[in-house]
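Note: the block below is entry-v1.tsv and it holds TSV, C-alpha atoms.
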```tsv
chain	number	residue	atom	x	y	z
N	14	MET	CA	-106.94	-3.11	16.86
N	15	ALA	CA	-105.47	-3.65	20.30
N	16	ASP	CA	-101.80	-3.10	21.04
N	17	ARG	CA	-99.73	-6.30	20.95
N	18	ILE	CA	-97.80	-5.46	24.10
N	19	SER	CA	-98.87	-4.28	27.53
N	20	ALA	CA	-99.20	-0.60	28.39
N	21	PRO	CA	-96.24	-0.68	30.85
N	22	GLN	CA	-94.02	-2.38	28.25
N	23	ARG	CA	-95.08	0.12	25.55
N	24	SER	CA	-94.30	2.97	27.96
N	25	ALA	CA	-90.86	1.51	28.68
N	26	ASN	CA	-90.18	1.10	24.96
N	27	MET	CA	-91.19	4.70	24.21
N	28	ALA	CA	-89.14	6.07	27.11
N	29	ALA	CA	-86.03	4.33	25.72
N	30	ILE	CA	-86.21	6.19	22.38
N	31	LYS	CA	-83.55	8.87	22.20
N	32	SER	CA	-83.90	12.23	20.52
N	33	LYS	CA	-80.20	13.12	20.60
N	34	ASN	CA	-77.07	11.16	19.80
N	35	THR	CA	-78.97	8.54	17.82
N	36	LYS	CA	-77.11	6.09	15.59
N	37	PRO	CA	-78.04	7.97	12.39
N	38	GLU	CA	-76.97	11.27	13.96
N	39	MET	CA	-73.64	9.79	15.02
N	40	VAL	CA	-73.06	8.59	11.43
N	41	VAL	CA	-73.70	12.11	10.12
N	42	ARG	CA	-71.38	13.59	12.75
N	43	ARG	CA	-68.59	11.18	11.77
N	44	VAL	CA	-69.01	12.16	8.10
N	45	VAL	CA	-68.87	15.89	8.90
N	46	ARG	CA	-65.86	15.37	11.15
N	47	SER	CA	-64.11	13.50	8.31
N	48	LEU	CA	-64.72	16.57	6.14
N	49	GLU	CA	-62.93	18.65	8.78
N	50	VAL	CA	-65.78	21.11	9.20
N	51	GLY	CA	-66.59	22.49	12.64
N	52	TYR	CA	-70.15	22.36	13.92
N	53	ARG	CA	-72.24	22.88	17.03
N	54	LEU	CA	-74.72	20.40	18.43
N	55	HIS	CA	-78.38	20.88	19.38
N	56	ARG	CA	-78.32	24.67	19.67
N	57	ARG	CA	-81.42	25.69	21.58
N	58	ASP	CA	-81.15	29.28	20.34
N	59	ILE	CA	-81.75	28.14	16.74
N	60	PRO	CA	-85.30	27.24	15.65
N	61	GLY	CA	-85.86	23.49	15.79
N	62	ASN	CA	-82.61	22.83	17.70
N	63	PRO	CA	-80.81	21.42	14.64
N	64	ASP	CA	-78.74	18.32	15.21
N	65	LEU	CA	-75.74	20.08	13.64
N	66	SER	CA	-75.34	23.83	13.18
N	67	PHE	CA	-72.72	25.60	11.11
N	68	ILE	CA	-73.05	29.07	12.59
N	69	GLY	CA	-70.69	31.00	10.30
N	70	ARG	CA	-72.15	29.35	7.22
N	71	ARG	CA	-75.75	29.79	8.49
N	72	LYS	CA	-76.50	26.18	7.66
N	73	ALA	CA	-78.20	23.50	9.70
N	74	ILE	CA	-78.57	19.76	9.41
N	75	PHE	CA	-81.48	17.83	10.85
N	76	VAL	CA	-81.15	14.04	11.07
N	77	HIS	CA	-84.68	12.68	10.87
N	78	GLY	CA	-85.80	9.20	11.80
N	79	CYS	CA	-87.82	7.84	8.89
N	80	PHE	CA	-90.60	6.59	11.17
N	81	TRP	CA	-90.89	9.59	13.50
N	82	HIS	CA	-90.80	12.18	10.71
N	83	GLN	CA	-92.60	10.00	8.13
N	84	HIS	CA	-90.12	9.92	5.27
N	85	GLU	CA	-92.22	10.12	2.10
N	86	ASP	CA	-89.82	8.23	-0.16
N	87	ALA	CA	-91.64	5.17	-1.51
N	88	ASP	CA	-88.35	3.23	-1.44
N	89	CYS	CA	-87.72	3.89	2.25
N	90	PRO	CA	-87.91	0.60	4.16
N	91	LEU	CA	-88.16	2.30	7.56
N	92	THR	CA	-91.35	4.32	7.18
N	93	HIS	CA	-94.60	2.78	8.33
N	94	VAL	CA	-97.66	3.60	10.40
N	95	PRO	CA	-98.41	1.36	13.38
N	96	GLN	CA	-101.48	-0.83	13.07
N	97	SER	CA	-102.78	-0.11	16.57
N	98	ARG	CA	-104.13	3.20	17.92
N	99	LEU	CA	-104.31	4.62	14.42
N	100	GLU	CA	-105.86	7.94	15.46
N	101	TYR	CA	-103.14	8.57	18.06
N	102	TRP	CA	-100.31	7.76	15.66
N	103	HIS	CA	-101.78	9.69	12.77
N	104	ASP	CA	-102.09	12.81	14.95
N	105	LYS	CA	-98.66	12.35	16.57
N	106	LEU	CA	-96.80	11.86	13.30
N	107	ALA	CA	-98.70	14.71	11.61
N	108	ARG	CA	-97.69	17.05	14.47
N	109	ASN	CA	-94.04	16.02	14.01
N	110	LYS	CA	-94.17	16.79	10.29
N	111	ALA	CA	-95.92	20.13	10.87
N	112	ARG	CA	-93.31	21.13	13.47
N	113	ASP	CA	-90.53	20.24	11.02
N	114	ILE	CA	-92.05	22.51	8.37
N	115	ILE	CA	-92.50	25.38	10.83
N	116	ASN	CA	-88.89	25.14	12.06
N	117	GLN	CA	-87.43	24.90	8.57
N	118	THR	CA	-89.52	27.89	7.47
N	119	LYS	CA	-88.30	29.94	10.45
N	120	LEU	CA	-84.70	29.08	9.65
N	121	SER	CA	-85.17	29.97	5.99
N	122	HIS	CA	-86.69	33.34	6.92
N	123	ASP	CA	-83.68	33.95	9.19
N	124	GLY	CA	-81.29	33.37	6.27
N	125	TRP	CA	-80.34	29.77	7.07
N	126	GLN	CA	-80.09	26.88	4.66
N	127	VAL	CA	-81.37	23.53	5.91
N	128	LEU	CA	-80.45	19.98	4.99
N	129	VAL	CA	-82.55	17.05	6.16
N	130	VAL	CA	-80.71	13.74	6.30
N	131	TRP	CA	-83.04	10.78	6.58
N	132	GLU	CA	-82.16	7.77	8.69
N	133	CYS	CA	-82.21	5.47	5.64
N	134	GLU	CA	-79.69	7.74	3.88
N	135	THR	CA	-77.09	7.09	6.57
N	136	ARG	CA	-76.70	3.53	5.28
N	137	ASN	CA	-74.75	4.64	2.20
N	138	LEU	CA	-71.69	6.57	3.38
N	139	SER	CA	-70.40	7.62	-0.03
N	140	ASN	CA	-73.75	9.13	-1.05
N	141	LEU	CA	-74.14	10.72	2.38
N	142	THR	CA	-70.66	12.26	2.21
N	143	ARG	CA	-71.36	13.62	-1.27
N	144	LYS	CA	-74.71	15.08	-0.15
N	145	ILE	CA	-73.24	16.78	2.92
N	146	SER	CA	-70.19	18.06	1.02
N	147	LYS	CA	-72.42	19.57	-1.62
N	148	PHE	CA	-74.66	21.17	1.03
N	149	LEU	CA	-71.69	22.68	2.84
N	150	ARG	CA	-70.23	23.71	-0.54
N	151	LEU	CA	-66.87	22.23	0.25
N	152	ALA	CA	-66.21	22.15	-3.47
N	153	ASP	CA	-66.20	25.96	-3.42
N	154	ASP	CA	-64.14	26.16	-0.23
N	155	ARG	CA	-61.50	23.49	-0.69
N	156	GLY	CA	-61.61	22.43	-4.34
N	157	ASP	CA	-63.07	19.00	-3.41
N	158	LEU	CA	-65.73	17.62	-5.73
N	159	ALA	CA	-64.83	20.28	-8.30
N	160	HIS	CA	-65.86	17.93	-11.10
N	161	GLU	CA	-69.40	17.45	-9.76
```
Render the structure in this file as structure tokens.
Amino acid sequence: MADRISAPQRSANMAAIKSKNTKPEMVVRRVVRSLEVGYRLHRRDIPGNPDLSFIGRRKAIFVHGCFWHQHEDADCPLTHVPQSRLEYWHDKLARNKARDIINQTKLSHDGWQVLVVWECETRNLSNLTRKISKFLRLADDRGDLAHE
């Protein structure tokens, strides 16, 4: 199946896609900031350059776009495979997923814990806050969420 838009337009569209400071990442950062936990951004010295790193806690958060990292939740409305250039997209998206696994494995072997926040999960702030709080174990540190 042929692409619906011209090659120059497709190139412009792809070039406009950000890998840092995306809307879902900014939502996660606001949630973490509201929890009053310090973090570092996009550390290149940590495998996979996590979106947020908690150095002293040895924890990392990756904010994954549901399309680019192929969220496997059947209820996710944002995951799909393009209908044109199927071979290209299949290979591209498979490489992204394989790289994610490699980076998470490296972090785990280095004693890090990893949380993946999917783009679709950033739409529900209360669930997102609960998930991040639990991951950072704020219940243990500050007494929050002690009943959960």
Q) Do you have the CA of Leu120 (chain N)-CA of Pro60 (chain N) distance handy? A)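 Going from CA of Leu120 (chain N) over to CA of Pro60 (chain N), I get 6.3 Å.
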Q: Quick one: everything within 9 Å of Gly78 (chain N), counting all atoms listed in the file, minus sequence neighbours fewer than 4 positions away in the same chain. Send it as a ChimeraX atom specification.
A: /N:37,82-84,91-92,130-133
Q: Would you kindly return, as a ChimeraX atom specification, each protein, DNA or RNA residue with an atom no farther than 12 Å from any atom of region 42-50 of chain N, considering all atoms listed in the file and excluding same-chain residues fewer than 3 positions away?
A: /N:33-39,53-54,64-70,72,74-76,130,135-152,154-155,157-158
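Between CA of Asn62 (chain N) and CA of Gly124 (chain N) the separation is 15.6 Å.
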**Q.** Atomic separation - CA of Leu128 (chain N) relative to CA of Arg112 (chain N), Å
**A.**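 Value for the CA of Arg112 (chain N)-CA of Leu128 (chain N) distance: 15.4 Å.
Only residues having an atom at most 7 Å from (-77.5, 33.9, 7.8) are included; using all atoms listed in the file, these are N:Arg71, N:Asp123, N:Gly124, N:Trp125.
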Could you complete region 30-44 of chain N so that it carries N, CA and C atoms, and give it back as an mmCIF file, in the frame of the given file?
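Everything below was put into result.cif:
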```cif
data_model
loop_
_atom_site.group_PDB
_atom_site.id
_atom_site.type_symbol
_atom_site.label_atom_id
_atom_site.label_comp_id
_atom_site.auth_asym_id
_atom_site.auth_seq_id
_atom_site.Cartn_x
_atom_site.Cartn_y
_atom_site.Cartn_z
ATOM 1 N N ILE N 30 -86.540 5.577 23.675
ATOM 2 C CA ILE N 30 -86.210 6.190 22.380
ATOM 3 C C ILE N 30 -85.521 7.521 22.609
ATOM 4 N N LYS N 31 -84.341 7.656 22.020
ATOM 5 C CA LYS N 31 -83.550 8.870 22.200
ATOM 6 C C LYS N 31 -83.895 9.904 21.134
ATOM 7 N N SER N 32 -83.714 11.171 21.506
ATOM 8 C CA SER N 32 -83.900 12.230 20.520
ATOM 9 C C SER N 32 -82.570 12.850 20.118
ATOM 10 N N LYS N 33 -81.536 12.603 20.901
ATOM 11 C CA LYS N 33 -80.200 13.120 20.600
ATOM 12 C C LYS N 33 -79.215 11.954 20.594
ATOM 13 N N ASN N 34 -78.145 12.147 19.851
ATOM 14 C CA ASN N 34 -77.070 11.160 19.800
ATOM 15 C C ASN N 34 -77.552 9.790 19.335
ATOM 16 N N THR N 35 -78.473 9.788 18.386
ATOM 17 C CA THR N 35 -78.970 8.540 17.820
ATOM 18 C C THR N 35 -77.911 7.957 16.881
ATOM 19 N N LYS N 36 -78.066 6.708 16.509
ATOM 20 C CA LYS N 36 -77.110 6.090 15.590
ATOM 21 C C LYS N 36 -77.019 6.857 14.264
ATOM 22 N N PRO N 37 -78.153 7.202 13.642
ATOM 23 C CA PRO N 37 -78.040 7.970 12.390
ATOM 24 C C PRO N 37 -77.346 9.320 12.593
ATOM 25 N N GLU N 38 -77.627 9.990 13.701
ATOM 26 C CA GLU N 38 -76.970 11.270 13.960
ATOM 27 C C GLU N 38 -75.467 11.079 14.130
ATOM 28 N N MET N 39 -75.070 10.035 14.813
ATOM 29 C CA MET N 39 -73.640 9.790 15.020
ATOM 30 C C MET N 39 -72.944 9.498 13.686
ATOM 31 N N VAL N 40 -73.629 8.827 12.767
ATOM 32 C CA VAL N 40 -73.060 8.590 11.430
ATOM 33 C C VAL N 40 -72.830 9.922 10.722
ATOM 34 N N VAL N 41 -73.826 10.801 10.768
ATOM 35 C CA VAL N 41 -73.700 12.110 10.120
ATOM 36 C C VAL N 41 -72.553 12.898 10.763
ATOM 37 N N ARG N 42 -72.454 12.863 12.067
ATOM 38 C CA ARG N 42 -71.380 13.590 12.750
ATOM 39 C C ARG N 42 -70.003 13.060 12.351
ATOM 40 N N ARG N 43 -69.880 11.748 12.205
ATOM 41 C CA ARG N 43 -68.590 11.180 11.770
ATOM 42 C C ARG N 43 -68.243 11.651 10.351
ATOM 43 N N VAL N 44 -69.248 11.695 9.480
ATOM 44 C CA VAL N 44 -69.010 12.160 8.100
ATOM 45 C C VAL N 44 -68.554 13.614 8.119
#
```
